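Structure file query.txt (compact mmCIF, C-alpha atoms) is printed below.
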# COMPACT_ATOMS: atom_id res chain seq x y z
CA MET A 1 7.07 11.44 5.07
CA ARG A 2 6.97 13.70 8.10
CA THR A 3 4.95 12.53 11.08
CA ARG A 4 2.73 15.59 11.02
CA ASN A 5 1.52 14.60 7.52
CA LEU A 6 0.61 11.04 8.44
CA PRO A 7 -2.84 9.82 9.50
CA THR A 8 -3.51 8.19 12.83
CA ILE A 9 -4.15 4.47 12.50
CA ASP A 10 -7.71 4.22 13.81
CA GLY A 11 -11.11 3.27 12.46
CA GLY A 12 -11.02 6.18 10.05
CA TYR A 13 -7.67 5.04 8.68
CA TRP A 14 -8.90 1.54 7.87
CA SER A 15 -12.08 2.92 6.33
CA ALA A 16 -9.97 5.23 4.16
CA ILE A 17 -7.71 2.33 3.15
CA VAL A 18 -10.76 0.41 1.94
CA ALA A 19 -12.10 3.50 0.13
CA ALA A 20 -8.66 4.04 -1.45
CA SER A 21 -8.64 0.39 -2.54
CA ILE A 22 -12.03 0.81 -4.20
CA CYS A 23 -10.94 4.02 -5.90
CA GLY A 24 -7.56 2.62 -6.99
CA THR A 25 -9.20 -0.46 -8.48
CA ILE A 26 -11.41 1.75 -10.63
CA THR A 27 -8.73 4.29 -11.58
CA GLY A 28 -6.45 1.43 -12.60
CA ASP A 29 -9.09 0.18 -15.03
CA LEU A 30 -9.76 3.76 -16.12
CA ALA A 31 -6.08 4.36 -16.89
CA ALA A 32 -5.74 1.07 -18.75
CA GLY A 33 -8.96 1.50 -20.72
CA PRO A 34 -10.49 4.92 -21.56
CA LEU A 35 -7.24 6.80 -20.89
CA GLY A 36 -5.42 4.44 -23.26
CA LEU A 37 -2.38 3.71 -21.09
CA GLY A 38 -2.83 -0.04 -20.99
CA HIS A 39 -1.46 -2.18 -18.18
CA VAL A 40 2.20 -1.34 -18.84
CA ARG A 41 2.49 2.14 -20.38
CA GLY A 42 0.90 3.74 -17.35
CA ILE A 43 3.50 2.41 -14.88
CA LEU A 44 6.17 5.00 -15.73
CA PRO A 45 3.93 8.09 -15.51
CA LEU A 46 2.36 6.78 -12.32
CA THR A 47 5.82 6.21 -10.85
CA LEU A 48 6.80 9.77 -11.73
CA ILE A 49 3.62 11.12 -10.16
CA PHE A 50 4.31 9.14 -6.98
CA LEU A 51 7.87 10.46 -6.79
CA ALA A 52 6.59 14.00 -7.36
CA ILE A 53 4.18 13.62 -4.42
CA VAL A 54 6.95 12.38 -2.12
CA TRP A 55 9.26 15.16 -3.29
CA ALA A 56 6.57 17.82 -2.80
CA GLU A 57 5.87 16.56 0.72
CA LYS A 58 9.51 17.03 1.64
CA LEU A 59 9.85 20.38 -0.11
CA LEU A 60 6.64 22.16 0.89
CA ASP A 61 6.12 23.28 4.47
CA TRP A 62 2.52 22.08 4.52
CA THR A 63 0.75 20.11 7.18
CA THR A 64 -1.78 17.82 5.50
CA VAL A 65 -2.52 14.11 5.15
CA ALA A 66 -3.27 14.74 1.47
CA PHE A 67 0.30 13.80 0.52
CA TYR A 68 -0.04 10.37 2.15
CA TRP A 69 -3.41 9.59 0.61
CA LEU A 70 -2.45 10.83 -2.84
CA ALA A 71 0.59 8.55 -2.71
CA ILE A 72 -1.64 5.66 -1.62
CA ILE A 73 -4.06 6.21 -4.52
CA VAL A 74 -1.27 6.40 -7.10
CA LEU A 75 0.32 3.18 -5.82
CA ARG A 76 -3.07 1.46 -5.72
CA THR A 77 -3.76 2.48 -9.32
CA MET A 78 -0.36 1.14 -10.36
CA ALA A 79 -0.92 -2.07 -8.40
CA THR A 80 -4.18 -2.75 -10.25
CA ASN A 81 -2.46 -2.58 -13.61
CA ILE A 82 0.55 -4.65 -12.52
CA ALA A 83 -1.73 -7.43 -11.25
CA ASP A 84 -3.94 -7.30 -14.34
CA PHE A 85 -0.90 -7.44 -16.59
CA ALA A 86 0.46 -10.50 -14.79
CA THR A 87 -2.79 -12.46 -14.50
CA HIS A 88 -4.77 -11.27 -17.53
CA ASP A 89 -2.13 -10.41 -20.15
CA MET A 90 0.65 -12.81 -19.16
CA LYS A 91 -1.86 -15.46 -18.05
CA LEU A 92 0.09 -16.30 -14.90
CA SER A 93 -1.66 -18.67 -12.53
CA TYR A 94 -3.38 -16.84 -9.67
CA LEU A 95 -1.95 -19.37 -7.23
CA VAL A 96 1.63 -18.97 -8.43
CA PHE A 97 1.41 -15.18 -8.63
CA VAL A 98 -0.15 -14.85 -5.18
CA LEU A 99 2.44 -17.15 -3.61
CA LEU A 100 5.27 -15.17 -5.20
CA LEU A 101 3.84 -11.93 -3.84
CA ILE A 102 3.41 -13.39 -0.36
CA VAL A 103 7.02 -14.61 -0.38
CA PHE A 104 8.24 -11.21 -1.58
CA MET A 105 6.28 -9.32 1.07
CA GLY A 106 7.42 -11.73 3.75
CA ALA A 107 11.04 -11.28 2.71
CA MET A 108 10.70 -7.48 2.76
CA ILE A 109 9.10 -7.51 6.21
CA TRP A 110 11.69 -9.94 7.54
CA ALA A 111 14.59 -7.91 6.13
CA ASP A 112 13.14 -4.75 7.67
CA LYS A 113 13.71 -6.24 11.12
CA PHE A 114 17.46 -6.09 10.55
CA ARG A 115 17.66 -2.57 9.18
CA VAL A 116 19.27 -0.44 11.84
CA ASP A 117 19.95 3.17 10.95
CA ALA A 118 19.30 6.69 12.14
CA THR A 119 15.82 6.75 10.65
CA THR A 120 14.47 3.61 12.29
CA GLN A 121 11.39 4.13 14.43
CA ARG A 122 12.16 4.75 18.10
CA THR A 123 8.86 4.28 19.90
CA THR A 124 7.64 2.18 22.77
CA GLY A 125 4.44 0.41 23.64
CA SER A 126 1.90 -0.80 21.12
CA ASN A 127 3.32 1.38 18.33
CA ALA A 128 6.88 0.09 18.56
CA GLY A 129 6.66 -2.49 15.79
CA LEU A 130 4.99 -0.48 13.08
CA PRO A 131 6.71 0.29 9.78
CA THR A 132 8.33 3.59 8.96
CA THR A 133 7.26 5.44 5.83
CA ASP A 134 10.57 4.96 4.04
CA TRP A 135 11.20 3.37 0.63
CA SER A 136 10.58 -0.17 1.88
CA TYR A 137 7.19 0.85 3.28
CA TRP A 138 6.05 2.08 -0.13
CA VAL A 139 7.45 -0.99 -1.91
CA VAL A 140 5.52 -3.30 0.42
CA MET A 141 2.42 -1.09 0.11
CA LEU A 142 2.63 -1.49 -3.68
CA ALA A 143 3.10 -5.25 -3.32
CA ALA A 144 0.11 -5.43 -0.96
CA GLY A 145 -1.97 -3.64 -3.57
CA VAL A 146 -0.89 -6.06 -6.29
CA LEU A 147 -1.61 -9.00 -3.98
CA GLY A 148 -5.03 -7.63 -3.06
CA THR A 149 -5.94 -7.11 -6.71
CA ALA A 150 -4.90 -10.65 -7.62
CA LEU A 151 -6.73 -12.18 -4.65
CA GLY A 152 -9.86 -10.14 -5.30
CA ASP A 153 -9.93 -11.13 -8.97
CA TRP A 154 -9.19 -14.74 -8.05
CA LEU A 155 -12.18 -14.89 -5.70
CA ALA A 156 -14.47 -13.35 -8.29
CA ASP A 157 -13.19 -15.49 -11.17
CA ALA A 158 -13.36 -18.68 -9.09
CA GLY A 159 -17.13 -18.63 -9.43
CA LEU A 160 -18.18 -16.27 -6.68
CA GLY A 161 -18.55 -13.22 -8.91
CA VAL A 162 -17.90 -9.69 -7.70
CA TYR A 163 -21.16 -9.46 -5.71
CA TRP A 164 -20.61 -12.53 -3.55
CA ALA A 165 -16.87 -11.85 -3.29
CA SER A 166 -17.66 -8.34 -1.98
CA LEU A 167 -20.06 -9.77 0.58
CA ILE A 168 -17.68 -12.48 1.73
CA GLY A 169 -14.92 -9.88 2.07
CA ILE A 170 -16.71 -8.15 4.98
CA PRO A 171 -16.00 -10.75 7.71
CA PHE A 172 -12.45 -11.23 6.43
CA PHE A 173 -11.82 -7.48 6.63
CA VAL A 174 -13.25 -7.23 10.15
CA ALA A 175 -11.32 -10.30 11.29
CA ALA A 176 -8.03 -9.06 9.81
CA VAL A 177 -8.22 -5.64 11.47
CA TRP A 178 -9.43 -7.10 14.78
CA THR A 179 -6.60 -9.66 14.78
CA ALA A 180 -4.05 -6.97 13.96
CA TYR A 181 -5.06 -5.00 17.04
CA ARG A 182 -5.43 -8.16 19.12
CA PHE A 183 -1.74 -8.92 18.53
CA GLY A 184 -0.53 -5.37 19.06
CA LEU A 185 -0.61 -4.12 15.46
CA SER A 186 2.91 -5.34 14.75
CA LYS A 187 4.38 -5.04 11.24
CA PRO A 188 3.32 -8.49 9.98
CA TRP A 189 -0.26 -8.08 11.23
CA TYR A 190 -0.43 -4.53 9.88
CA TRP A 191 0.54 -5.74 6.41
CA ILE A 192 -1.84 -8.70 6.55
CA ALA A 193 -4.67 -6.31 7.37
CA ILE A 194 -3.61 -4.01 4.53
CA ALA A 195 -3.61 -6.91 2.04
CA VAL A 196 -7.07 -8.05 3.16
CA CYS A 197 -8.36 -4.46 2.86
CA ARG A 198 -6.93 -4.31 -0.66
CA THR A 199 -8.62 -7.60 -1.57
CA TRP A 200 -12.02 -6.49 -0.35
CA GLY A 201 -11.63 -3.08 -1.99
CA THR A 202 -10.86 -4.75 -5.32
CA ASP A 203 -14.14 -6.67 -5.34
CA ILE A 204 -16.18 -3.67 -4.20
CA GLY A 205 -14.62 -1.53 -6.92
CA ASP A 206 -15.35 -4.15 -9.56
CA MET A 207 -18.89 -4.51 -8.20
CA LEU A 208 -19.46 -0.75 -8.50
CA ILE A 209 -18.30 -0.84 -12.12
CA ALA A 210 -20.54 -3.85 -12.81
CA LEU A 211 -23.56 -2.06 -11.36
CA PHE A 212 -23.15 0.90 -13.68
CA ARG A 213 -22.36 -1.40 -16.62
CA THR A 214 -25.96 -2.63 -16.43
CA VAL A 215 -27.21 0.81 -17.52
CA THR A 216 -24.34 2.35 -19.49
CA SER A 217 -21.14 1.67 -21.42
CA ARG A 218 -17.93 0.59 -19.71
CA PRO A 219 -16.10 3.92 -20.25
CA VAL A 220 -19.00 5.87 -18.72
CA ALA A 221 -19.27 3.33 -15.90
CA LEU A 222 -15.58 3.78 -15.14
CA TRP A 223 -15.78 7.57 -15.09
CA VAL A 224 -18.89 7.61 -12.90
CA SER A 225 -17.43 4.99 -10.54
CA THR A 226 -14.20 6.98 -10.29
CA VAL A 227 -16.06 10.13 -9.27
CA ILE A 228 -18.18 8.28 -6.70
CA SER A 229 -15.24 6.41 -5.15
CA ALA A 230 -13.10 9.58 -5.07
CA LEU A 231 -15.89 11.46 -3.27
CA LEU A 232 -16.23 8.56 -0.82
CA LEU A 233 -12.50 8.58 -0.09
CA THR A 234 -12.42 12.37 0.27
CA GLY A 235 -15.37 12.28 2.65
CA VAL A 236 -13.84 9.57 4.84
CA ILE A 237 -10.51 11.39 5.01
CA TYR A 238 -12.06 14.78 5.72
CA PHE A 239 -14.67 13.76 8.28
CA TRP A 240 -13.10 10.71 9.96
CA THR A 241 -9.32 10.43 9.75
CA ARG A 242 -6.97 12.47 11.92
CA ARG A 243 -3.37 13.58 11.55
CA ASN A 244 -0.79 11.71 13.55
CA ALA A 245 -0.80 13.14 17.06
CA ALA A 246 1.45 10.26 18.11
CA PRO A 247 4.05 8.33 16.06
CA VAL A 248 1.77 5.57 14.84
CA ILE A 249 3.59 5.30 11.56
CA ALA A 250 7.01 6.86 12.00
CA ALA A 251 8.38 9.14 9.29
CA SER A 252 11.82 8.47 7.94
CA SER A 253 12.71 12.15 7.63
CA GLU A 254 11.19 13.55 10.85
CA PRO A 255 13.50 14.90 13.55
CA ALA A 256 13.44 12.83 16.72
CA VAL A 257 12.12 15.67 18.85
CA ASP A 258 9.13 16.09 16.52
CA LYS A 259 8.32 12.40 16.67
CA GLN A 260 7.66 12.71 20.35
CA ALA A 261 5.27 15.63 19.90
Show me, as structure tokens, the structure contained in the file I just sent.
Amino acid sequence: MRTRNLPTIDGGYWSAIVAASICGTITGDLAAGPLGLGHVRGILPLTLIFLAIVWAEKLLDWTTVAFYWLAIIVLRTMATNIADFATHDMKLSYLVFVLLLIVFMGAMIWADKFRVDATTQRTTGSNAGLPTTDWSYWVVMLAAGVLGTALGDWLADAGLGVYWASLIGIPFFVAAVWTAYRFGLSKPWYWIAIAVCRTWGTDIGDMLIALFRTVTSRPVALWVSTVISALLLTGVIYFWTRRNAAPVIAASSEPAVDKQA
């Protein structure tokens, strides 16, 4: 994605990531349940929607962070269903599945260090180590969403329940983001913070659904929760986040002169 269409990584960005995690958790359950796509059938249409968003961002001469956040929501929705399929349908152990995801993400991040091409980020200072929004960025973002869903469900299913898991997630979220900035927001710390945000967002999303389930049916609870979380995300993006005035996340297709703008 082009730099001008990317959000600045600040407090608003992390708040929007959490809101997107909440929304994606709910839309994943909505797609699998009331929309009738299940955990597997929805992966192909969601993939096509994601590709359409990326294609539209390159084709249209628009300046908006909407492309980035729409892509994030679609991937988060897909991640919810992938994790639920693996842990609920396939009955894979949470421990084994989480470890596999951590190894996969670690391998992707490690391999990214050795990719040298014309699109690699060329920045200095505290932004130098951040990932570019190329194909590997979106693959790791999807994996982080799957990992966050599995971890969030694991915490809730381990006896904490969604309410306590949501509460416990607060200090972990704050600590992860603080540590990421404390160590210069390098790629590994950026992705750790993203995974923790995804985990917390999963439990908050499930908690929101559970709250509405006390007064209505699950389909209605999912629809109402989707609307509320979508409004929350839209509000955070509109009132808090900013477009990228500096190359915080570099864009793989942006001309070098524009990256310095």
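Using only C-alpha atoms, the smallest distance between any of A:Leu208, A:Leu46, A:Leu222, A:Ile17 and Phe173 in chain A comes from A:Ile17.
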Residue nearest Lys91 in chain A - candidates A:Ala66, A:Ile53, A:Ala79, A:Ala150, atoms counted: only C-alpha atoms:
A:Ala150
Skipping near chain neighbours, those fewer than 6 positions away, what residues fall within 12 Å of Asp153 in chain A using all atoms listed in the file, listed as a PyMOL selection string?
chain A and resi 25+80+83-84+86-88+93-95+98+146-147+159-163+165-166+198-207
What is the CA of Glu57 in chain A-CA of Leu30 in chain A distance in Å, reported with one decimal?
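Interatomic distance here is 26.3 Å.
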Please report the interatomic distance between CA of Val224 in chain A and CA of Ala210 in chain A in Å with one decimal.
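If I compute the distance from CA of Val224 in chain A to CA of Ala210 in chain A, I get 11.6 Å.
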Could you work out an axis-aligned bounding box for all listed atoms of range 148-166 of chain A, with 4 Å added on each of the six sides, and give its centre and edge lengths in Å to one decimal, as lines of an AutoDock Vina configuration file?
center_x = -13.0
center_y = -12.9
center_z = -6.6
size_x = 24.3
size_y = 19.6
size_z = 17.2
Residues within 6 Å of range 193-195 of chain A, please, as a PyMOL selection string. Count only C-alpha atoms; anything in the same chain fewer than 6 positions from it doesn't count.
chain A and resi 144+148+176-177
